[in-house]
There are 2 protein chains.
Amino acid sequence: MNVYERMKQALITGKYKPGDRLTEEALTEEWKVSRTPIRSALKQLEFDGLITPLKRGYIVRSFSQNDIRQIYDVRSLLEGYAASLSAIHRTEQDLSDMHKANEDFKTIIMSRGTNKTEHIQDVLKKNHKFHDTVIRASKDPHTEDLIRKVVVLPLVFHSFYWFEQRGLEQSFELHEVIIRAIEDQDSARARSAMHEHIYQGRDRVLEQLKRSDL
Amino acid sequence: MNVYERMKQALITGKYKPGDRLTEEALTEEWKVSRTPIRSALKQLEFDGLITPLKRGYIVRSFSQNDIRQIYDVRSLLEGYAASLSAIHRTEQDLSDMHKANEDFKTIIMSRGTNKTEHIQDVLKKNHKFHDTVIRASKDPHTEDLIRKVVVLPLVFHSFYWFEQRGLEQSFELHEVIIRAIEDQDSARARSAMHEHIYQGRDRVLEQLKRSDL
DNA sequence: AAACGCTTCATTGTATACAAAAAGAGATTT
DNA sequence: AAATCTCTTTTTGTATACAATGAAGCGTTT
């Protein structure tokens with residue numbers, strides 16, 4: 001893993017907290033590389049929207065409740081759109097990839113993993129993999145690119161909510177609905193099911209957030 | 001203007017053509033700066049999607065007809081969405097900004113400028129300004145950010161079509177429709193008018209392209 | 001003559017020194 | 001006491017040297 005990947009991980013896992021100042025020299029010491037790769041990583045993280053540039057240096061970005069809403073809302077728009085395209089352009093290969101991805105997802109959520117945080121990471125990865133296959137099937141690399149950008153952000157604040165078993169099982173069910181719609185080339189249904197799925201995720205995050213703020 | 005801005009301009013105006021190889025050292029000579037700012041600019045242009053990274057170095061990105069379609073289609077989705085949000089969140093200030101921006105647009109397209117390419121640049125700038133005020137009124141910085149990313153690309157291939165007076169006047173008219181819908185807080189109408197407007201732009205570009213390919 | 005490995009060359013990755021610019025502290029003026 | 005100005009310190013911007021790596025050409029082997 002290069003410096004950028006490692007720093008991203010540090011941001012996602014919360015090692016760096018919102019508002020923390022990031023100076024090149026301090027990072028140089030921390031990651032034991034020179035300022036050149038640090039600068040490169042910082043610029044990339046800025047594009048990802050994970051850090052906020054100041055006149056001098058960066059701070060870790062913080063997200064308001066409103067931010068989270070807006071991010072999930074555009075994401076819903078874009079992924080719904082991608083799903084509707086997939087319903088048109090999907091190949092047999094795409095369909096079997098989706099089925100497999102969602103079976104893997106089911107396997108993970110049904111297993112009570114040994115380590116808690118590790119288990120969450122696995123669930124996250126499998127879920128991501130499913131969404132990826134759906135998006136890939138759209139055959140629209142530009143939309144794919146935009147979604148990738150908007151998907152990194154939620155990672156920062158939802159490492160926790162994945163825990164409620166009920167929500168995970170609902171996710172599995174909606175994944176199935178999405179696949180079926182894409183299989184039937186019912187693009188309107190694929191879109192609305194994807195919208196619904198992402199809004200459910202949004203609401204779970206917002207609810208968690210409201211609870212932890214009290 | 002910094003190196004990034006200047007290189008972007010060179011890409012947009014066609015000084016660098018699709019497929020051209022871009023090596024750091026050659027650019028160093030051309031722009032009379034060291035490799036450090038060149039590297040920084042290249043990375044940024046990669047994020048913009050204006051250049052394609054190879055295993056070693058970059059080439060200027062080329063766009064197929066299909067690419068252009070897809071890019072305009074997501075752009076339509078996103079800007080339509082932004083317009084619908086603006087219909088909800090717009091302030092009086094936003095409205096007067098839109099009116100002014102479109103008046104400026106009218107003034108430019110009605111004046112037969114002295115220099116042709118200069119005139120096109122002005123038209124482009126005023127049009128961009130109008131879209132900007134609409135997007136700004138949505139009060140959704142994340143959507144704004146995504147749109148910015150998808151809007152740079154068309155610039156590369158549409159420096160030419162703006163010439164037909166008829167199309168420009170149609171644009172002015174649709175801008176007016178969009179403003180009215182936002183004024184009336186009719187978000188569905190704002191969205192569809194924006195969709196329509198961008199699809200018209202898309203079709204003009206595609207038509208031009210088909211003609212010039214023959 | 002084709003395939004493989006070796007050598008050389010071109011190009012990017014990294015480290016670091018120096019220049020420029022912004023931020024902060026302290027003194028001076030009003 | 002508030003404001004401004006300057007000097008010092010901190011931090012980023014730029015240039016450049018060196019290291020690493022991938023690409024291309026060449027010769028040797030089969």
# chains A, B, ... in the order shown; residues from 1 in each chain; ligands from 1
>>> residues_around(residues="B:Asn127", least_positions_apart="3", cutoff="8 Å", atoms="only C-alpha atoms (C1' of nucleotides)", output="PyMOL selection string")
chain B and resi 102+105+123-124+130-131
>>> closest_atom_pairs(of="chain B", to="chain A", cutoff="12 Å", atoms="only C-alpha atoms", output="JSON lines")
{"residue": "B:Arg35", "atom": "CA", "partner": "A:Thr36", "partner_atom": "CA", "distance": 11.6}
{"residue": "B:Thr36", "atom": "CA", "partner": "A:Thr36", "partner_atom": "CA", "distance": 8.7}
{"residue": "B:Pro37", "atom": "CA", "partner": "A:Ser40", "partner_atom": "CA", "distance": 11.1}
{"residue": "B:Arg39", "atom": "CA", "partner": "A:Ser40", "partner_atom": "CA", "distance": 8.9}
{"residue": "B:Ser40", "atom": "CA", "partner": "A:Ser40", "partner_atom": "CA", "distance": 7.5}
{"residue": "B:Ala41", "atom": "CA", "partner": "A:Lys43", "partner_atom": "CA", "distance": 10.5}
{"residue": "B:Leu42", "atom": "CA", "partner": "A:Ser40", "partner_atom": "CA", "distance": 11.1}
{"residue": "B:Lys43", "atom": "CA", "partner": "A:Gln44", "partner_atom": "CA", "distance": 8.2}
{"residue": "B:Gln44", "atom": "CA", "partner": "A:Lys43", "partner_atom": "CA", "distance": 8.3}
{"residue": "B:Leu45", "atom": "CA", "partner": "A:Phe47", "partner_atom": "CA", "distance": 11.3}
{"residue": "B:Glu46", "atom": "CA", "partner": "A:Gln44", "partner_atom": "CA", "distance": 10.5}
{"residue": "B:Phe47", "atom": "CA", "partner": "A:Phe47", "partner_atom": "CA", "distance": 7.6}
{"residue": "B:Asp48", "atom": "CA", "partner": "A:Phe47", "partner_atom": "CA", "distance": 9.7}
{"residue": "B:Gly49", "atom": "CA", "partner": "A:His142", "partner_atom": "CA", "distance": 9.2}
{"residue": "B:Phe63", "atom": "CA", "partner": "A:His142", "partner_atom": "CA", "distance": 11.4}
{"residue": "B:Asn66", "atom": "CA", "partner": "A:Asp140", "partner_atom": "CA", "distance": 9.3}
{"residue": "B:Asp67", "atom": "CA", "partner": "A:His142", "partner_atom": "CA", "distance": 7.9}
{"residue": "B:Ile68", "atom": "CA", "partner": "A:His142", "partner_atom": "CA", "distance": 9.8}
{"residue": "B:Arg69", "atom": "CA", "partner": "A:Asp140", "partner_atom": "CA", "distance": 10.1}
{"residue": "B:Gln70", "atom": "CA", "partner": "A:Asp140", "partner_atom": "CA", "distance": 6.8}
{"residue": "B:Ile71", "atom": "CA", "partner": "A:His142", "partner_atom": "CA", "distance": 6.4}
{"residue": "B:Tyr72", "atom": "CA", "partner": "A:His142", "partner_atom": "CA", "distance": 10.0}
{"residue": "B:Asp73", "atom": "CA", "partner": "A:Thr143", "partner_atom": "CA", "distance": 9.3}
{"residue": "B:Val74", "atom": "CA", "partner": "A:Thr143", "partner_atom": "CA", "distance": 6.6}
{"residue": "B:Arg75", "atom": "CA", "partner": "A:Thr143", "partner_atom": "CA", "distance": 9.4}
{"residue": "B:Ser76", "atom": "CA", "partner": "A:Leu78", "partner_atom": "CA", "distance": 11.6}
{"residue": "B:Leu77", "atom": "CA", "partner": "A:Leu78", "partner_atom": "CA", "distance": 8.3}
{"residue": "B:Leu78", "atom": "CA", "partner": "A:Leu78", "partner_atom": "CA", "distance": 8.2}
{"residue": "B:Glu79", "atom": "CA", "partner": "A:Val74", "partner_atom": "CA", "distance": 11.2}
{"residue": "B:Gly80", "atom": "CA", "partner": "A:Leu77", "partner_atom": "CA", "distance": 11.0}
{"residue": "B:Tyr81", "atom": "CA", "partner": "A:Leu77", "partner_atom": "CA", "distance": 8.5}
{"residue": "B:Ala82", "atom": "CA", "partner": "A:Val74", "partner_atom": "CA", "distance": 9.7}
{"residue": "B:Leu85", "atom": "CA", "partner": "A:Gln70", "partner_atom": "CA", "distance": 10.7}
{"residue": "B:Ser138", "atom": "CA", "partner": "A:Gln70", "partner_atom": "CA", "distance": 10.8}
{"residue": "B:Lys139", "atom": "CA", "partner": "A:Gln70", "partner_atom": "CA", "distance": 9.8}
{"residue": "B:Asp140", "atom": "CA", "partner": "A:Gln70", "partner_atom": "CA", "distance": 6.8}
{"residue": "B:Pro141", "atom": "CA", "partner": "A:Gln70", "partner_atom": "CA", "distance": 8.5}
{"residue": "B:His142", "atom": "CA", "partner": "A:Ile71", "partner_atom": "CA", "distance": 6.4}
{"residue": "B:Thr143", "atom": "CA", "partner": "A:Val74", "partner_atom": "CA", "distance": 6.6}
{"residue": "B:Glu144", "atom": "CA", "partner": "A:Val74", "partner_atom": "CA", "distance": 10.4}
{"residue": "B:Asp145", "atom": "CA", "partner": "A:Gly49", "partner_atom": "CA", "distance": 9.5}
{"residue": "B:Leu146", "atom": "CA", "partner": "A:Leu146", "partner_atom": "CA", "distance": 6.9}
{"residue": "B:Ile147", "atom": "CA", "partner": "A:Leu146", "partner_atom": "CA", "distance": 9.3}
{"residue": "B:Arg148", "atom": "CA", "partner": "A:Leu146", "partner_atom": "CA", "distance": 10.9}
{"residue": "B:Lys149", "atom": "CA", "partner": "A:Leu146", "partner_atom": "CA", "distance": 8.3}
{"residue": "B:Val150", "atom": "CA", "partner": "A:Leu146", "partner_atom": "CA", "distance": 8.3}
{"residue": "B:Val151", "atom": "CA", "partner": "A:His142", "partner_atom": "CA", "distance": 11.8}
{"residue": "B:Leu153", "atom": "CA", "partner": "A:His142", "partner_atom": "CA", "distance": 10.6}
>>> write_last_selection(atoms="N, CA and C atoms", output="compact mmCIF listing (two decimals), in the first residue's frame")
# COMPACT_ATOMS: atom_id res chain seq x y z
N ARG B 35 9.95 20.16 -12.74
CA ARG B 35 9.05 19.03 -12.83
C ARG B 35 8.00 19.02 -11.71
N THR B 36 8.32 19.63 -10.60
CA THR B 36 7.39 19.56 -9.46
C THR B 36 6.01 20.14 -9.79
N PRO B 37 5.93 21.39 -10.23
CA PRO B 37 4.59 21.89 -10.58
C PRO B 37 3.96 21.18 -11.77
N ARG B 39 4.24 17.95 -12.43
CA ARG B 39 3.65 16.73 -11.87
C ARG B 39 2.32 17.02 -11.21
N SER B 40 2.30 18.09 -10.44
CA SER B 40 1.09 18.49 -9.75
C SER B 40 -0.04 18.78 -10.74
N ALA B 41 0.30 19.49 -11.79
CA ALA B 41 -0.71 19.83 -12.81
C ALA B 41 -1.23 18.58 -13.51
N LEU B 42 -0.33 17.67 -13.84
CA LEU B 42 -0.72 16.45 -14.53
C LEU B 42 -1.70 15.63 -13.69
N LYS B 43 -1.39 15.56 -12.40
CA LYS B 43 -2.26 14.79 -11.52
C LYS B 43 -3.66 15.40 -11.49
N GLN B 44 -3.70 16.71 -11.43
CA GLN B 44 -4.98 17.40 -11.40
C GLN B 44 -5.76 17.19 -12.70
N LEU B 45 -5.04 17.24 -13.82
CA LEU B 45 -5.69 17.03 -15.12
C LEU B 45 -6.19 15.60 -15.25
N GLU B 46 -5.49 14.69 -14.60
CA GLU B 46 -5.95 13.30 -14.61
C GLU B 46 -7.29 13.21 -13.88
N PHE B 47 -7.40 13.89 -12.75
CA PHE B 47 -8.66 13.88 -12.01
C PHE B 47 -9.77 14.52 -12.81
N ASP B 48 -9.43 15.55 -13.55
CA ASP B 48 -10.42 16.19 -14.40
C ASP B 48 -10.87 15.26 -15.51
N GLY B 49 -10.08 14.24 -15.78
CA GLY B 49 -10.41 13.33 -16.87
C GLY B 49 -9.98 13.83 -18.22
N PHE B 63 -12.09 11.26 -26.99
CA PHE B 63 -13.48 10.96 -26.67
C PHE B 63 -14.19 10.41 -27.90
N ASN B 66 -19.72 7.91 -28.35
CA ASN B 66 -20.41 7.30 -27.22
C ASN B 66 -20.05 8.01 -25.90
N ASP B 67 -18.77 8.32 -25.73
CA ASP B 67 -18.33 9.06 -24.55
C ASP B 67 -19.11 10.36 -24.42
N ILE B 68 -19.18 11.08 -25.52
CA ILE B 68 -19.83 12.38 -25.49
C ILE B 68 -21.29 12.25 -25.08
N ARG B 69 -21.96 11.27 -25.66
CA ARG B 69 -23.35 11.00 -25.27
C ARG B 69 -23.47 10.78 -23.78
N GLN B 70 -22.65 9.87 -23.28
CA GLN B 70 -22.75 9.50 -21.87
C GLN B 70 -22.45 10.68 -20.96
N ILE B 71 -21.46 11.46 -21.33
CA ILE B 71 -21.09 12.61 -20.50
C ILE B 71 -22.23 13.61 -20.44
N TYR B 72 -22.81 13.92 -21.60
CA TYR B 72 -23.93 14.86 -21.59
C TYR B 72 -25.13 14.29 -20.84
N ASP B 73 -25.32 12.99 -20.93
CA ASP B 73 -26.47 12.40 -20.25
C ASP B 73 -26.37 12.50 -18.73
N VAL B 74 -25.22 12.18 -18.16
CA VAL B 74 -25.10 12.34 -16.70
C VAL B 74 -25.15 13.80 -16.33
N ARG B 75 -24.55 14.62 -17.17
CA ARG B 75 -24.59 16.04 -16.86
C ARG B 75 -26.02 16.54 -16.80
N SER B 76 -26.82 16.08 -17.74
CA SER B 76 -28.22 16.45 -17.75
C SER B 76 -28.91 15.99 -16.46
N LEU B 77 -28.61 14.76 -16.07
CA LEU B 77 -29.19 14.24 -14.83
C LEU B 77 -28.83 15.12 -13.64
N LEU B 78 -27.54 15.44 -13.52
CA LEU B 78 -27.07 16.19 -12.36
C LEU B 78 -27.54 17.64 -12.37
N GLU B 79 -27.46 18.29 -13.52
CA GLU B 79 -27.87 19.69 -13.56
C GLU B 79 -29.38 19.81 -13.42
N GLY B 80 -30.10 18.83 -13.95
CA GLY B 80 -31.55 18.83 -13.76
C GLY B 80 -31.88 18.70 -12.28
N TYR B 81 -31.16 17.83 -11.62
CA TYR B 81 -31.34 17.66 -10.19
C TYR B 81 -31.04 18.96 -9.44
N ALA B 82 -29.92 19.57 -9.79
CA ALA B 82 -29.54 20.83 -9.14
C ALA B 82 -30.62 21.89 -9.37
N LEU B 85 -33.49 21.35 -7.08
CA LEU B 85 -33.18 21.81 -5.72
C LEU B 85 -33.24 23.33 -5.63
N SER B 138 -28.85 25.95 -5.60
CA SER B 138 -29.32 24.67 -5.04
C SER B 138 -28.88 24.48 -3.60
N LYS B 139 -27.84 25.24 -3.19
CA LYS B 139 -27.28 25.13 -1.84
C LYS B 139 -26.80 23.71 -1.53
N ASP B 140 -26.32 23.05 -2.57
CA ASP B 140 -25.83 21.69 -2.40
C ASP B 140 -24.42 21.59 -2.94
N PRO B 141 -23.42 21.87 -2.07
CA PRO B 141 -22.03 21.92 -2.55
C PRO B 141 -21.52 20.60 -3.13
N HIS B 142 -22.06 19.49 -2.68
CA HIS B 142 -21.56 18.21 -3.19
C HIS B 142 -21.99 17.98 -4.62
N THR B 143 -23.24 18.28 -4.89
CA THR B 143 -23.72 18.18 -6.27
C THR B 143 -22.96 19.17 -7.15
N GLU B 144 -22.75 20.35 -6.62
CA GLU B 144 -22.01 21.37 -7.34
C GLU B 144 -20.64 20.84 -7.75
N ASP B 145 -19.99 20.20 -6.82
CA ASP B 145 -18.67 19.66 -7.05
C ASP B 145 -18.67 18.61 -8.16
N LEU B 146 -19.66 17.73 -8.11
CA LEU B 146 -19.74 16.69 -9.13
C LEU B 146 -20.00 17.29 -10.51
N ILE B 147 -20.86 18.29 -10.55
CA ILE B 147 -21.17 18.91 -11.83
C ILE B 147 -19.92 19.58 -12.40
N ARG B 148 -19.18 20.22 -11.53
CA ARG B 148 -17.97 20.88 -12.00
C ARG B 148 -17.08 19.87 -12.72
N LYS B 149 -17.01 18.69 -12.16
CA LYS B 149 -16.15 17.68 -12.75
C LYS B 149 -16.63 17.25 -14.14
N VAL B 150 -17.93 17.16 -14.30
CA VAL B 150 -18.45 16.64 -15.55
C VAL B 150 -18.59 17.73 -16.62
N VAL B 151 -18.46 18.97 -16.18
CA VAL B 151 -18.67 20.08 -17.11
C VAL B 151 -17.39 20.46 -17.85
N LEU B 153 -15.30 18.56 -19.27
CA LEU B 153 -15.04 17.71 -20.42
C LEU B 153 -15.63 18.24 -21.73
>>> select_by_dssp(residues="chain A", states="helix (DSSP H, G or I)", output="number ranges by chain")
A: 3-12, 24-31, 35-48, 65-89, 92-110, 116-136, 141-157, 161-163, 165-183, 187-213
>>> residues_around(residues="stretch 9-22 of chain D", least_positions_apart="6", cutoff="9 Å", atoms="only C-alpha atoms (C1' of nucleotides)", output="ChimeraX atom specification")
/A:23-25,56-57 /B:33-37,55-56 /C:11-24
>>> closest_residue(among="B:Lys32, B:Arg211, B:Arg202, B:Arg191", to="chain D", atoms="only C-alpha atoms (C1' of nucleotides)")
B:Lys32
>>> closest_residue(among="D:DT6, D:DA23, D:DT28, D:DA1", to="chain B", atoms="only C-alpha atoms (C1' of nucleotides)")
D:DA23
>>> residues_around(residues="D:DG25", least_positions_apart="2", cutoff="12 Å", atoms="only C-alpha atoms (C1' of nucleotides)", output="list in words")
DC6, DT7, DT8 and DC9 of chain C; DA23 and DG27 of chain D
>>> write_last_selection(atoms="C-alpha atoms (C1' of nucleotides)", output="PDB file, in the first residue's frame")
ATOM      1  C1'  DC C   6      21.230  -8.858 -20.929  1.00  0.00           C
ATOM      2  C1'  DT C   7      22.511  -4.108 -21.429  1.00  0.00           C
ATOM      3  C1'  DT C   8      21.396   0.522 -22.166  1.00  0.00           C
ATOM      4  C1'  DC C   9      18.348   4.314 -22.314  1.00  0.00           C
TER       5       DC C   9
ATOM      6  C1'  DA D  23      10.979   0.083 -22.363  1.00  0.00           C
ATOM      7  C1'  DG D  27      23.215 -10.200 -29.182  1.00  0.00           C
TER       8       DG D  27
END
>>> select_by_dssp(residues="chain B", states="strand (DSSP E or B)", output="number ranges by chain")
B: 21-22, 51-53, 58-60
>>> write_last_selection(atoms="all heavy atoms", output="mmCIF file, in the first residue's frame")
data_model
loop_
_atom_site.group_PDB
_atom_site.id
_atom_site.type_symbol
_atom_site.label_atom_id
_atom_site.label_comp_id
_atom_site.auth_asym_id
_atom_site.auth_seq_id
_atom_site.Cartn_x
_atom_site.Cartn_y
_atom_site.Cartn_z
ATOM 1 N N ARG B 21 1.432 12.508 -26.611
ATOM 2 C CA ARG B 21 2.091 12.042 -25.407
ATOM 3 C C ARG B 21 2.549 13.235 -24.584
ATOM 4 O O ARG B 21 3.028 14.223 -25.135
ATOM 5 C CB ARG B 21 3.301 11.176 -25.824
ATOM 6 C CG ARG B 21 4.088 10.598 -24.710
ATOM 7 C CD ARG B 21 3.882 9.099 -24.577
ATOM 8 N NE ARG B 21 4.456 8.618 -23.323
ATOM 9 C CZ ARG B 21 5.729 8.266 -23.177
ATOM 10 N NH1 ARG B 21 6.549 8.298 -24.203
ATOM 11 N NH2 ARG B 21 6.183 7.856 -22.002
ATOM 12 N N LEU B 22 2.394 13.137 -23.267
ATOM 13 C CA LEU B 22 2.830 14.222 -22.382
ATOM 14 C C LEU B 22 3.870 13.669 -21.414
ATOM 15 O O LEU B 22 3.551 12.890 -20.521
ATOM 16 C CB LEU B 22 1.635 14.774 -21.598
ATOM 17 C CG LEU B 22 0.503 15.398 -22.415
ATOM 18 C CD1 LEU B 22 -0.652 15.776 -21.506
ATOM 19 C CD2 LEU B 22 0.998 16.635 -23.174
ATOM 20 N N ILE B 51 -6.743 13.919 -19.286
ATOM 21 C CA ILE B 51 -5.627 13.119 -19.800
ATOM 22 C C ILE B 51 -5.727 11.694 -19.256
ATOM 23 O O ILE B 51 -6.328 11.464 -18.208
ATOM 24 C CB ILE B 51 -4.259 13.732 -19.422
ATOM 25 C CG1 ILE B 51 -4.101 13.794 -17.903
ATOM 26 C CG2 ILE B 51 -4.118 15.124 -20.018
ATOM 27 C CD1 ILE B 51 -2.790 14.400 -17.458
ATOM 28 N N THR B 52 -5.150 10.775 -19.989
ATOM 29 C CA THR B 52 -5.230 9.358 -19.635
ATOM 30 C C THR B 52 -3.868 8.868 -19.149
ATOM 31 O O THR B 52 -2.876 9.036 -19.846
ATOM 32 C CB THR B 52 -5.630 8.534 -20.880
ATOM 33 O OG1 THR B 52 -6.826 9.075 -21.428
ATOM 34 C CG2 THR B 52 -5.830 7.076 -20.532
ATOM 35 N N PRO B 53 -3.810 8.306 -17.947
ATOM 36 C CA PRO B 53 -2.532 7.823 -17.441
ATOM 37 C C PRO B 53 -2.138 6.510 -18.105
ATOM 38 O O PRO B 53 -2.977 5.634 -18.304
ATOM 39 C CB PRO B 53 -2.809 7.601 -15.949
ATOM 40 C CG PRO B 53 -4.266 7.336 -15.870
ATOM 41 C CD PRO B 53 -4.908 8.078 -17.014
ATOM 42 N N TYR B 58 1.553 10.153 -19.562
ATOM 43 C CA TYR B 58 0.162 10.376 -19.919
ATOM 44 C C TYR B 58 0.011 10.606 -21.420
ATOM 45 O O TYR B 58 0.972 10.974 -22.089
ATOM 46 C CB TYR B 58 -0.368 11.637 -19.221
ATOM 47 C CG TYR B 58 -0.462 11.546 -17.725
ATOM 48 C CD1 TYR B 58 0.609 11.930 -16.926
ATOM 49 C CD2 TYR B 58 -1.624 11.111 -17.104
ATOM 50 C CE1 TYR B 58 0.523 11.867 -15.536
ATOM 51 C CE2 TYR B 58 -1.719 11.048 -15.724
ATOM 52 C CZ TYR B 58 -0.647 11.429 -14.945
ATOM 53 O OH TYR B 58 -0.738 11.370 -13.586
ATOM 54 N N ILE B 59 -1.204 10.412 -21.918
ATOM 55 C CA ILE B 59 -1.556 10.910 -23.234
ATOM 56 C C ILE B 59 -2.819 11.746 -23.109
ATOM 57 O O ILE B 59 -3.594 11.598 -22.159
ATOM 58 C CB ILE B 59 -1.791 9.792 -24.274
ATOM 59 C CG1 ILE B 59 -2.867 8.825 -23.781
ATOM 60 C CG2 ILE B 59 -0.500 9.051 -24.576
ATOM 61 C CD1 ILE B 59 -3.281 7.807 -24.807
ATOM 62 N N VAL B 60 -3.022 12.648 -24.076
ATOM 63 C CA VAL B 60 -4.230 13.459 -24.099
ATOM 64 C C VAL B 60 -5.401 12.542 -24.397
ATOM 65 O O VAL B 60 -5.334 11.714 -25.303
ATOM 66 C CB VAL B 60 -4.131 14.554 -25.175
ATOM 67 C CG1 VAL B 60 -5.429 15.351 -25.232
ATOM 68 C CG2 VAL B 60 -2.956 15.475 -24.884
#
>>> atom_distance(atom1="atom CA of B:Arg61", atom2="atom CA of B:Pro18")
5.2 Å
>>> residues_around(residues="B:Ala193", least_positions_apart="5", cutoff="10 Å", atoms="only C-alpha atoms (C1' of nucleotides)", output="ChimeraX atom specification")
/B:80,83-84,174-179,181,187-188,198-199
>>> write_last_selection(atoms="N, CA, C and O atoms", output="PDB file, in the first residue's frame")
ATOM      1  N   GLY B  80     -30.097  18.834 -13.952  1.00  0.00           N
ATOM      2  CA  GLY B  80     -31.547  18.826 -13.757  1.00  0.00           C
ATOM      3  C   GLY B  80     -31.876  18.703 -12.281  1.00  0.00           C
ATOM      4  O   GLY B  80     -32.734  19.426 -11.755  1.00  0.00           O
ATOM      5  N   ALA B  83     -31.150  21.946 -10.578  1.00  0.00           N
ATOM      6  CA  ALA B  83     -32.197  22.937 -10.873  1.00  0.00           C
ATOM      7  C   ALA B  83     -33.431  22.681 -10.012  1.00  0.00           C
ATOM      8  O   ALA B  83     -34.053  23.618  -9.512  1.00  0.00           O
ATOM      9  N   SER B  84     -33.763  21.414  -9.822  1.00  0.00           N
ATOM     10  CA  SER B  84     -34.945  21.111  -9.008  1.00  0.00           C
ATOM     11  C   SER B  84     -34.719  21.517  -7.550  1.00  0.00           C
ATOM     12  O   SER B  84     -35.634  21.985  -6.880  1.00  0.00           O
ATOM     13  N   LEU B 174     -34.571  29.027 -23.360  1.00  0.00           N
ATOM     14  CA  LEU B 174     -34.707  27.970 -22.350  1.00  0.00           C
ATOM     15  C   LEU B 174     -34.175  28.424 -20.996  1.00  0.00           C
ATOM     16  O   LEU B 174     -34.712  28.056 -19.953  1.00  0.00           O
ATOM     17  N   HIS B 175     -33.141  29.236 -21.018  1.00  0.00           N
ATOM     18  CA  HIS B 175     -32.668  29.810 -19.762  1.00  0.00           C
ATOM     19  C   HIS B 175     -33.812  30.552 -19.068  1.00  0.00           C
ATOM     20  O   HIS B 175     -34.013  30.444 -17.857  1.00  0.00           O
ATOM     21  N   GLU B 176     -34.553  31.289 -19.867  1.00  0.00           N
ATOM     22  CA  GLU B 176     -35.677  32.047 -19.312  1.00  0.00           C
ATOM     23  C   GLU B 176     -36.724  31.118 -18.693  1.00  0.00           C
ATOM     24  O   GLU B 176     -37.244  31.372 -17.611  1.00  0.00           O
ATOM     25  N   VAL B 177     -37.009  30.034 -19.409  1.00  0.00           N
ATOM     26  CA  VAL B 177     -37.982  29.061 -18.891  1.00  0.00           C
ATOM     27  C   VAL B 177     -37.499  28.497 -17.557  1.00  0.00           C
ATOM     28  O   VAL B 177     -38.273  28.377 -16.599  1.00  0.00           O
ATOM     29  N   ILE B 178     -36.220  28.179 -17.510  1.00  0.00           N
ATOM     30  CA  ILE B 178     -35.646  27.615 -16.283  1.00  0.00           C
ATOM     31  C   ILE B 178     -35.789  28.599 -15.125  1.00  0.00           C
ATOM     32  O   ILE B 178     -36.217  28.241 -14.023  1.00  0.00           O
ATOM     33  N   ILE B 179     -35.446  29.856 -15.389  1.00  0.00           N
ATOM     34  CA  ILE B 179     -35.553  30.864 -14.338  1.00  0.00           C
ATOM     35  C   ILE B 179     -36.995  30.978 -13.839  1.00  0.00           C
ATOM     36  O   ILE B 179     -37.250  31.006 -12.637  1.00  0.00           O
ATOM     37  N   ALA B 181     -39.387  28.804 -13.898  1.00  0.00           N
ATOM     38  CA  ALA B 181     -39.776  27.635 -13.092  1.00  0.00           C
ATOM     39  C   ALA B 181     -39.192  27.708 -11.688  1.00  0.00           C
ATOM     40  O   ALA B 181     -39.866  27.406 -10.703  1.00  0.00           O
ATOM     41  N   SER B 187     -40.353  22.704  -9.075  1.00  0.00           N
ATOM     42  CA  SER B 187     -39.078  22.003  -9.230  1.00  0.00           C
ATOM     43  C   SER B 187     -39.113  20.957 -10.345  1.00  0.00           C
ATOM     44  O   SER B 187     -38.112  20.745 -11.029  1.00  0.00           O
ATOM     45  N   ALA B 188     -40.265  20.346 -10.556  1.00  0.00           N
ATOM     46  CA  ALA B 188     -40.341  19.364 -11.646  1.00  0.00           C
ATOM     47  C   ALA B 188     -40.098  20.048 -12.994  1.00  0.00           C
ATOM     48  O   ALA B 188     -39.372  19.549 -13.858  1.00  0.00           O
ATOM     49  N   ILE B 198     -29.953  20.861 -21.867  1.00  0.00           N
ATOM     50  CA  ILE B 198     -28.664  20.189 -22.018  1.00  0.00           C
ATOM     51  C   ILE B 198     -28.714  19.153 -23.136  1.00  0.00           C
ATOM     52  O   ILE B 198     -27.745  18.978 -23.881  1.00  0.00           O
ATOM     53  N   TYR B 199     -29.846  18.496 -23.284  1.00  0.00           N
ATOM     54  CA  TYR B 199     -29.962  17.557 -24.402  1.00  0.00           C
ATOM     55  C   TYR B 199     -29.849  18.272 -25.746  1.00  0.00           C
ATOM     56  O   TYR B 199     -29.274  17.749 -26.692  1.00  0.00           O
TER      57      TYR B 199
END
>>> residues_around(residues="C:DA27", least_positions_apart="5", cutoff="12 Å", atoms="only C-alpha atoms (C1' of nucleotides)", output="VMD selection string")
chain D and resid 4 to 7
>>> closest_residue(among="B:Arg189, B:Ala26, B:Ile108, B:Ile120", to="chain C", atoms="only C-alpha atoms (C1' of nucleotides)")
B:Ala26
>>> atom_distance(atom1="atom CA of B:Met194", atom2="atom CA of B:Lys100")
18.1 Å
